[in-house]
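Heads up, protein_13.tsv below (TSV, N, CA and C atoms):
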```tsv
chain	number	residue	atom	x	y	z
A	1	MET	N	0.85	-1.16	0.00
A	1	MET	CA	0.00	0.00	0.00
A	1	MET	C	0.90	1.24	0.00
A	2	ASN	N	0.54	2.22	-0.79
A	2	ASN	CA	1.27	3.49	-0.84
A	2	ASN	C	0.40	4.63	-0.34
A	3	ASN	N	1.02	5.52	0.42
A	3	ASN	CA	0.40	6.77	0.87
A	3	ASN	C	1.37	7.89	0.55
A	4	TYR	N	0.83	9.06	0.26
A	4	TYR	CA	1.66	10.22	-0.07
A	4	TYR	C	1.32	11.38	0.86
A	5	ILE	N	2.34	12.19	1.12
A	5	ILE	CA	2.14	13.38	1.94
A	5	ILE	C	3.17	14.43	1.53
A	6	ILE	N	2.80	15.69	1.68
A	6	ILE	CA	3.75	16.78	1.40
A	6	ILE	C	4.25	17.33	2.74
A	7	VAL	N	5.54	17.57	2.81
A	7	VAL	CA	6.14	18.14	4.02
A	7	VAL	C	5.87	19.64	4.00
A	8	ARG	N	5.28	20.13	5.09
A	8	ARG	CA	4.89	21.54	5.22
A	8	ARG	C	5.69	22.20	6.34
A	9	PRO	N	5.66	23.54	6.40
A	9	PRO	CA	6.42	24.25	7.44
A	9	PRO	C	6.10	23.77	8.86
A	10	GLU	N	4.85	23.41	9.14
A	10	GLU	CA	4.49	22.98	10.49
A	10	GLU	C	5.07	21.60	10.85
A	11	HIS	N	5.66	20.91	9.88
A	11	HIS	CA	6.28	19.60	10.12
A	11	HIS	C	7.79	19.70	10.39
A	12	LEU	N	8.35	20.92	10.33
A	12	LEU	CA	9.80	21.09	10.39
A	12	LEU	C	10.30	21.32	11.80
A	13	ASN	N	11.56	20.91	12.02
A	13	ASN	CA	12.23	21.16	13.30
A	13	ASN	C	12.98	22.50	13.23
A	14	GLN	N	13.72	22.79	14.26
A	14	GLN	CA	14.44	24.06	14.35
A	14	GLN	C	15.54	24.21	13.30
A	15	ASN	N	15.93	23.12	12.65
A	15	ASN	CA	16.96	23.16	11.61
A	15	ASN	C	16.38	23.21	10.20
A	16	GLY	N	15.06	23.29	10.10
A	16	GLY	CA	14.42	23.40	8.79
A	16	GLY	C	14.20	22.08	8.07
A	17	HIS	N	14.30	20.97	8.80
A	17	HIS	CA	14.05	19.65	8.21
A	17	HIS	C	12.90	18.98	8.95
A	18	LEU	N	12.37	17.93	8.34
A	18	LEU	CA	11.25	17.20	8.92
A	18	LEU	C	11.57	16.75	10.34
A	19	PHE	N	10.68	17.03	11.26
A	19	PHE	CA	10.81	16.60	12.65
A	19	PHE	C	10.64	15.09	12.70
A	20	GLY	N	11.55	14.41	13.38
A	20	GLY	CA	11.53	12.94	13.44
A	20	GLY	C	10.24	12.38	14.01
A	21	GLY	N	9.70	13.04	15.02
A	21	GLY	CA	8.46	12.58	15.61
A	21	GLY	C	7.29	12.63	14.64
A	22	GLN	N	7.31	13.59	13.71
A	22	GLN	CA	6.26	13.67	12.69
A	22	GLN	C	6.34	12.47	11.76
A	23	MET	N	7.56	12.09	11.37
A	23	MET	CA	7.74	10.91	10.51
A	23	MET	C	7.18	9.67	11.21
A	24	LEU	N	7.49	9.51	12.50
A	24	LEU	CA	7.02	8.34	13.24
A	24	LEU	C	5.49	8.34	13.36
A	25	ARG	N	4.91	9.51	13.53
A	25	ARG	CA	3.44	9.62	13.59
A	25	ARG	C	2.81	9.14	12.30
A	26	TRP	N	3.35	9.61	11.15
A	26	TRP	CA	2.81	9.20	9.86
A	26	TRP	C	2.95	7.69	9.66
A	27	ILE	N	4.10	7.15	10.03
A	27	ILE	CA	4.30	5.70	9.87
A	27	ILE	C	3.31	4.92	10.73
A	28	ASP	N	3.12	5.34	11.96
A	28	ASP	CA	2.17	4.68	12.84
A	28	ASP	C	0.77	4.71	12.22
A	29	GLU	N	0.38	5.87	11.72
A	29	GLU	CA	-0.95	6.03	11.14
A	29	GLU	C	-1.13	5.21	9.86
A	30	PHE	N	-0.19	5.32	8.92
A	30	PHE	CA	-0.33	4.62	7.64
A	30	PHE	C	-0.26	3.10	7.81
A	31	CYS	N	0.61	2.62	8.68
A	31	CYS	CA	0.68	1.17	8.91
A	31	CYS	C	-0.56	0.69	9.65
A	32	TRP	N	-1.08	1.49	10.59
A	32	TRP	CA	-2.31	1.10	11.27
A	32	TRP	C	-3.46	1.00	10.28
A	33	ILE	N	-3.54	1.93	9.33
A	33	ILE	CA	-4.59	1.87	8.31
A	33	ILE	C	-4.47	0.58	7.51
A	34	ALA	N	-3.26	0.20	7.11
A	34	ALA	CA	-3.07	-1.06	6.38
A	34	ALA	C	-3.53	-2.25	7.22
A	35	ALA	N	-3.18	-2.24	8.51
A	35	ALA	CA	-3.58	-3.33	9.40
A	35	ALA	C	-5.10	-3.36	9.59
A	36	ALA	N	-5.72	-2.20	9.71
A	36	ALA	CA	-7.17	-2.13	9.88
A	36	ALA	C	-7.89	-2.65	8.64
A	37	ILE	N	-7.32	-2.43	7.47
A	37	ILE	CA	-7.90	-2.97	6.23
A	37	ILE	C	-7.72	-4.49	6.19
A	38	ASP	N	-6.54	-4.97	6.59
A	38	ASP	CA	-6.26	-6.40	6.58
A	38	ASP	C	-7.03	-7.17	7.65
A	39	PHE	N	-7.30	-6.53	8.79
A	39	PHE	CA	-7.99	-7.17	9.92
A	39	PHE	C	-9.14	-6.28	10.39
A	40	PRO	N	-10.18	-6.14	9.56
A	40	PRO	CA	-11.23	-5.15	9.83
A	40	PRO	C	-12.04	-5.39	11.10
A	41	ASP	N	-12.08	-6.60	11.59
A	41	ASP	CA	-12.89	-6.90	12.78
A	41	ASP	C	-12.08	-6.88	14.07
A	42	LYS	N	-10.84	-6.41	14.01
A	42	LYS	CA	-9.97	-6.45	15.19
A	42	LYS	C	-9.68	-5.05	15.71
A	43	LYS	N	-9.55	-4.94	17.02
A	43	LYS	CA	-9.10	-3.71	17.67
A	43	LYS	C	-7.59	-3.84	17.78
A	44	LEU	N	-6.85	-2.97	17.10
A	44	LEU	CA	-5.40	-3.06	17.02
A	44	LEU	C	-4.74	-1.89	17.74
A	45	VAL	N	-3.70	-2.20	18.50
A	45	VAL	CA	-2.92	-1.17	19.18
A	45	VAL	C	-1.45	-1.32	18.80
A	46	THR	N	-0.74	-0.20	18.75
A	46	THR	CA	0.68	-0.23	18.45
A	46	THR	C	1.43	-0.87	19.61
A	47	ARG	N	2.24	-1.87	19.32
A	47	ARG	CA	3.02	-2.54	20.35
A	47	ARG	C	4.49	-2.17	20.30
A	48	ALA	N	5.06	-2.10	19.11
A	48	ALA	CA	6.50	-1.84	19.01
A	48	ALA	C	6.85	-1.26	17.65
A	49	MET	N	7.94	-0.53	17.63
A	49	MET	CA	8.50	-0.03	16.37
A	49	MET	C	9.95	-0.49	16.33
A	50	GLY	N	10.39	-0.88	15.14
A	50	GLY	CA	11.77	-1.34	14.98
A	50	GLY	C	12.76	-0.19	14.98
A	51	GLU	N	13.98	-0.51	14.65
A	51	GLU	CA	15.05	0.49	14.59
A	51	GLU	C	14.67	1.59	13.62
A	52	THR	N	14.96	2.83	14.00
A	52	THR	CA	14.66	3.98	13.15
A	52	THR	C	15.95	4.73	12.86
A	53	SER	N	16.14	5.09	11.59
A	53	SER	CA	17.34	5.81	11.20
A	53	SER	C	17.04	6.65	9.96
A	54	PHE	N	17.23	7.97	10.10
A	54	PHE	CA	17.05	8.85	8.96
A	54	PHE	C	18.30	8.79	8.10
A	55	LYS	N	18.11	8.65	6.79
A	55	LYS	CA	19.24	8.58	5.85
A	55	LYS	C	19.70	9.96	5.42
A	56	ARG	N	18.80	10.97	5.54
A	56	ARG	CA	19.13	12.35	5.17
A	56	ARG	C	18.04	13.28	5.68
A	57	GLY	N	18.33	14.56	5.75
A	57	GLY	CA	17.33	15.53	6.14
A	57	GLY	C	16.28	15.68	5.05
A	58	ILE	N	15.05	15.98	5.46
A	58	ILE	CA	13.96	16.11	4.50
A	58	ILE	C	13.40	17.54	4.64
A	59	PRO	N	13.60	18.38	3.62
A	59	PRO	CA	13.19	19.79	3.71
A	59	PRO	C	11.72	20.02	3.39
A	60	ASP	N	11.28	21.23	3.62
A	60	ASP	CA	9.92	21.70	3.31
A	60	ASP	C	9.62	21.51	1.82
A	61	GLY	N	8.37	21.14	1.52
A	61	GLY	CA	7.92	21.07	0.14
A	61	GLY	C	8.12	19.73	-0.54
A	62	VAL	N	8.81	18.81	0.11
A	62	VAL	CA	9.08	17.50	-0.49
A	62	VAL	C	7.83	16.62	-0.38
A	63	ILE	N	7.55	15.88	-1.44
A	63	ILE	CA	6.49	14.87	-1.40
A	63	ILE	C	7.12	13.55	-1.01
A	64	LEU	N	6.52	12.90	0.00
A	64	LEU	CA	7.02	11.61	0.46
A	64	LEU	C	6.04	10.51	0.10
A	65	ARG	N	6.59	9.35	-0.29
A	65	ARG	CA	5.78	8.15	-0.54
A	65	ARG	C	6.10	7.14	0.56
A	66	PHE	N	5.06	6.70	1.25
A	66	PHE	CA	5.18	5.70	2.32
A	66	PHE	C	4.69	4.37	1.76
A	67	HIS	N	5.60	3.40	1.63
A	67	HIS	CA	5.23	2.07	1.14
A	67	HIS	C	5.15	1.12	2.33
A	68	THR	N	3.95	0.63	2.63
A	68	THR	CA	3.76	-0.29	3.74
A	68	THR	C	3.48	-1.68	3.19
A	69	HIS	N	4.01	-2.68	3.91
A	69	HIS	CA	3.87	-4.07	3.47
A	69	HIS	C	3.78	-4.98	4.69
A	70	GLN	N	2.82	-5.89	4.69
A	70	GLN	CA	2.69	-6.84	5.79
A	70	GLN	C	3.86	-7.81	5.76
A	71	GLU	N	4.58	-7.88	6.87
A	71	GLU	CA	5.76	-8.75	6.97
A	71	GLU	C	5.44	-10.12	7.57
A	72	SER	N	4.71	-10.12	8.69
A	72	SER	CA	4.42	-11.39	9.36
A	72	SER	C	3.19	-11.26	10.24
A	73	VAL	N	2.54	-12.42	10.46
A	73	VAL	CA	1.36	-12.49	11.32
A	73	VAL	C	1.60	-13.59	12.34
A	74	GLY	N	1.40	-13.25	13.61
A	74	GLY	CA	1.52	-14.23	14.68
A	74	GLY	C	0.15	-14.58	15.22
A	75	ASN	N	0.10	-15.10	16.44
A	75	ASN	CA	-1.18	-15.46	17.05
A	75	ASN	C	-1.98	-14.23	17.47
A	76	THR	N	-1.27	-13.21	17.99
A	76	THR	CA	-1.97	-12.02	18.49
A	76	THR	C	-1.48	-10.72	17.85
A	77	SER	N	-0.47	-10.79	16.99
A	77	SER	CA	0.09	-9.56	16.44
A	77	SER	C	0.43	-9.68	14.96
A	78	VAL	N	0.63	-8.53	14.35
A	78	VAL	CA	1.02	-8.44	12.95
A	78	VAL	C	2.08	-7.35	12.82
A	79	THR	N	3.08	-7.59	11.96
A	79	THR	CA	4.17	-6.65	11.75
A	79	THR	C	4.16	-6.18	10.30
A	80	TYR	N	4.33	-4.86	10.13
A	80	TYR	CA	4.42	-4.24	8.82
A	80	TYR	C	5.77	-3.56	8.67
A	81	SER	N	6.28	-3.55	7.45
A	81	SER	CA	7.46	-2.73	7.15
A	81	SER	C	6.97	-1.45	6.51
A	82	CYS	N	7.75	-0.40	6.67
A	82	CYS	CA	7.43	0.88	6.04
A	82	CYS	C	8.73	1.49	5.50
A	83	ASP	N	8.76	1.72	4.20
A	83	ASP	CA	9.88	2.40	3.55
A	83	ASP	C	9.36	3.73	3.04
A	84	VAL	N	10.13	4.79	3.27
A	84	VAL	CA	9.72	6.14	2.88
A	84	VAL	C	10.67	6.65	1.81
A	85	TYR	N	10.09	7.12	0.71
A	85	TYR	CA	10.86	7.61	-0.43
A	85	TYR	C	10.51	9.06	-0.73
A	86	ILE	N	11.48	9.80	-1.24
A	86	ILE	CA	11.22	11.14	-1.78
A	86	ILE	C	10.73	10.96	-3.21
A	87	VAL	N	9.62	11.63	-3.54
A	87	VAL	CA	9.05	11.51	-4.87
A	87	VAL	C	9.57	12.64	-5.74
A	88	ASP	N	10.45	12.31	-6.64
A	88	ASP	CA	10.84	13.20	-7.72
A	88	ASP	C	11.52	12.35	-8.78
A	89	SER	N	11.70	12.89	-9.95
A	89	SER	CA	12.18	12.11	-11.07
A	89	SER	C	13.60	11.58	-10.85
A	90	LYS	N	14.38	12.23	-9.99
A	90	LYS	CA	15.77	11.80	-9.78
A	90	LYS	C	15.90	10.73	-8.71
A	91	GLU	N	15.01	10.74	-7.70
A	91	GLU	CA	15.23	9.90	-6.53
A	91	GLU	C	14.13	8.87	-6.25
A	92	GLU	N	13.06	8.88	-7.03
A	92	GLU	CA	11.91	8.05	-6.70
A	92	GLU	C	12.25	6.58	-6.61
A	93	ASN	N	13.13	6.08	-7.45
A	93	ASN	CA	13.43	4.66	-7.47
A	93	ASN	C	14.71	4.30	-6.73
A	94	LYS	N	15.27	5.24	-6.01
A	94	LYS	CA	16.50	4.98	-5.25
A	94	LYS	C	16.16	4.45	-3.87
A	95	ALA	N	17.14	4.32	-3.04
A	95	ALA	CA	16.97	3.79	-1.69
A	95	ALA	C	16.04	4.69	-0.86
A	96	PRO	N	15.32	4.08	0.07
A	96	PRO	CA	14.44	4.88	0.92
A	96	PRO	C	15.23	5.84	1.81
A	97	VAL	N	14.58	6.96	2.19
A	97	VAL	CA	15.21	7.91	3.11
A	97	VAL	C	14.95	7.52	4.56
A	98	PHE	N	14.03	6.58	4.76
A	98	PHE	CA	13.70	6.11	6.10
A	98	PHE	C	13.03	4.76	5.98
A	99	SER	N	13.37	3.84	6.88
A	99	SER	CA	12.74	2.50	6.90
A	99	SER	C	12.60	2.04	8.34
A	100	THR	N	11.52	1.32	8.60
A	100	THR	CA	11.34	0.72	9.93
A	100	THR	C	10.27	-0.36	9.83
A	101	THR	N	10.03	-1.03	10.93
A	101	THR	CA	8.92	-1.95	11.05
A	101	THR	C	8.08	-1.52	12.24
A	102	ILE	N	6.82	-1.93	12.23
A	102	ILE	CA	5.93	-1.61	13.32
A	102	ILE	C	5.01	-2.81	13.57
A	103	THR	N	4.79	-3.11	14.84
A	103	THR	CA	3.98	-4.26	15.22
A	103	THR	C	2.73	-3.79	15.95
A	104	PHE	N	1.60	-4.37	15.56
A	104	PHE	CA	0.32	-4.10	16.20
A	104	PHE	C	-0.17	-5.37	16.86
A	105	THR	N	-0.81	-5.24	18.01
A	105	THR	CA	-1.38	-6.36	18.74
A	105	THR	C	-2.90	-6.21	18.75
A	106	ALA	N	-3.59	-7.33	18.57
A	106	ALA	CA	-5.05	-7.35	18.67
A	106	ALA	C	-5.42	-7.46	20.13
A	107	VAL	N	-6.35	-6.62	20.57
A	107	VAL	CA	-6.82	-6.66	21.96
A	107	VAL	C	-8.34	-6.75	21.98
A	108	GLY	N	-8.85	-7.35	23.06
A	108	GLY	CA	-10.29	-7.44	23.26
A	108	GLY	C	-10.80	-6.20	23.97
A	109	GLU	N	-12.08	-6.20	24.27
A	109	GLU	CA	-12.70	-5.08	24.98
A	109	GLU	C	-12.06	-4.86	26.35
A	110	ASP	N	-11.51	-5.92	26.93
A	110	ASP	CA	-10.87	-5.82	28.24
A	110	ASP	C	-9.44	-5.32	28.18
A	111	GLY	N	-8.93	-5.06	26.94
A	111	GLY	CA	-7.58	-4.56	26.76
A	111	GLY	C	-6.52	-5.65	26.74
A	112	LYS	N	-6.92	-6.90	26.88
A	112	LYS	CA	-5.97	-8.01	26.87
A	112	LYS	C	-5.82	-8.56	25.46
A	113	LYS	N	-4.62	-9.10	25.19
A	113	LYS	CA	-4.34	-9.68	23.90
A	113	LYS	C	-5.38	-10.73	23.53
A	114	THR	N	-5.69	-10.76	22.24
A	114	THR	CA	-6.62	-11.74	21.72
A	114	THR	C	-6.11	-12.22	20.37
A	115	SER	N	-6.64	-13.31	19.88
A	115	SER	CA	-6.23	-13.84	18.58
A	115	SER	C	-6.49	-12.83	17.47
A	116	ILE	N	-5.54	-12.72	16.56
A	116	ILE	CA	-5.69	-11.78	15.45
A	116	ILE	C	-6.36	-12.45	14.26
A	117	ARG	N	-6.42	-13.74	14.25
A	117	ARG	CA	-6.98	-14.48	13.09
A	117	ARG	C	-8.45	-14.71	13.21
```
Represent the structure of the file as structure tokens.
Amino acid sequence: MNNYIIVRPEHLNQNGHLFGGQMLRWIDEFCWIAAAIDFPDKKLVTRAMGETSFKRGIPDGVILRFHTHQESVGNTSVTYSCDVYIVDSKEENKAPVFSTTITFTAVGEDGKKTSIR
């Protein structure tokens, strides 16, 4: 699944580049949407995020493409990968500027883990 977003001034840190926390927010949201589509009858909560590393600063006005992909499904959780690319004719097919994984756990009304299948 692909999602796109434009980096705006309100997303920037004091150095004029994308604030890291904003990137993590988008990844959490876009991967949760993919999980909600894949498991529509489940209540899913974020459990963990993998290693995070920015490959370069991302300035104002850049369009980002978030590619999410289901990696694995366990008894109570599902993990997605997310690769983020800058969209332009020179860099669109190059290495991602950011990559991570995120795991969601299915919970019941009582907040306890439940089967995801």
Measuring atom to atom with all atoms listed in the file, identify which of A:Asp60, A:Asp83, A:Asp88, A:Glu109 is nearest to Glu10 in chain A.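 The shortest atom-to-atom distance to Glu10 in chain A comes from A:Asp60.
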Would you compute the distance between atom C of Pro96 in chain A and atom N of Ile37 in chain A? Give it in Å to one decimal. 24.7 Å
Counting only N, CA and C atoms, which of A:Ile27, A:Val107, A:Ala36, A:Leu44 gets nearest to Phe66 in chain A?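 The answer is A:Ile27, which sits nearest to Phe66 in chain A.
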I'd like to know which residues of chain A are helix (DSSP H, G or I) (by DSSP, run on the backbone); could you write them as a ChimeraX atom specification? /A:9-11,20-38
How many Å separate CA of Leu64 in chain A from CA of Thr101 in chain A?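 Separation of CA of Leu64 in chain A and CA of Thr101 in chain A: 17.3 Å.
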Just the number, please: distance in Å from CA of His69 in chain A to CA of Asn2 in chain A, one decimal.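 Separation of CA of His69 in chain A and CA of Asn2 in chain A: 9.1 Å.
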DSSP on the backbone: which residues in chain A end up as strand (DSSP E or B)? Give the answer as an MDAnalysis selection string. chainID A and resid 2:6 12 17:18 43:49 53:54 59 63:73 77:86 98:107 113
Take the point (-8.1, -14.0, 18.3) as written in the file and pick out every residue within 6.5 Å of it, counting all atoms listed in the file; give the list as JSON, numbers by chain. {"A": [75, 76, 114, 115, 116, 117]}
Counting only C-alpha atoms, which of A:Ala106, A:Leu18, A:Met23, A:Met1 gets nearest to Gly74 in chain A?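 When distances to Gly74 in chain A are compared using only C-alpha atoms, the smallest one comes from A:Ala106.
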Have a look at A:Ser77, A:Ser72, A:Gln22, A:Thr52 and name the one nearest to Ile5 in chain A; count only C-alpha atoms. A:Gln22
Minimum-distance residue to Thr103 in chain A, chosen among A:Asp28, A:Cys82, A:Pro9, A:Thr46 (using only N, CA and C atoms):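 Smallest separation from Thr103 in chain A among the options: A:Thr46.
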Considering all atoms listed in the file, state which residue in the set A:Ile6, A:Ile58, A:Val73, A:Ser81 is at the smallest distance from Phe19 in chain A.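 The shortest atom-to-atom distance to Phe19 in chain A comes from A:Ile58.
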Output, as lines of an AutoDock Vina configuration file, the centre and edge lengths in Å (one decimal) of the axis-aligned box that contains all listed atoms of range 35-51 of chain A with 5 Å of margin on each side.
```
center_x = 1.1
center_y = -2.8
center_z = 13.3
size_x = 37.9
size_y = 18.8
size_z = 24.2
```
Within 7 Å of file point (10.3, 2.8, 15.0), counting only N, CA and C atoms, expressed as a PyMOL selection string: chain A and resi 24+48-52+100-102
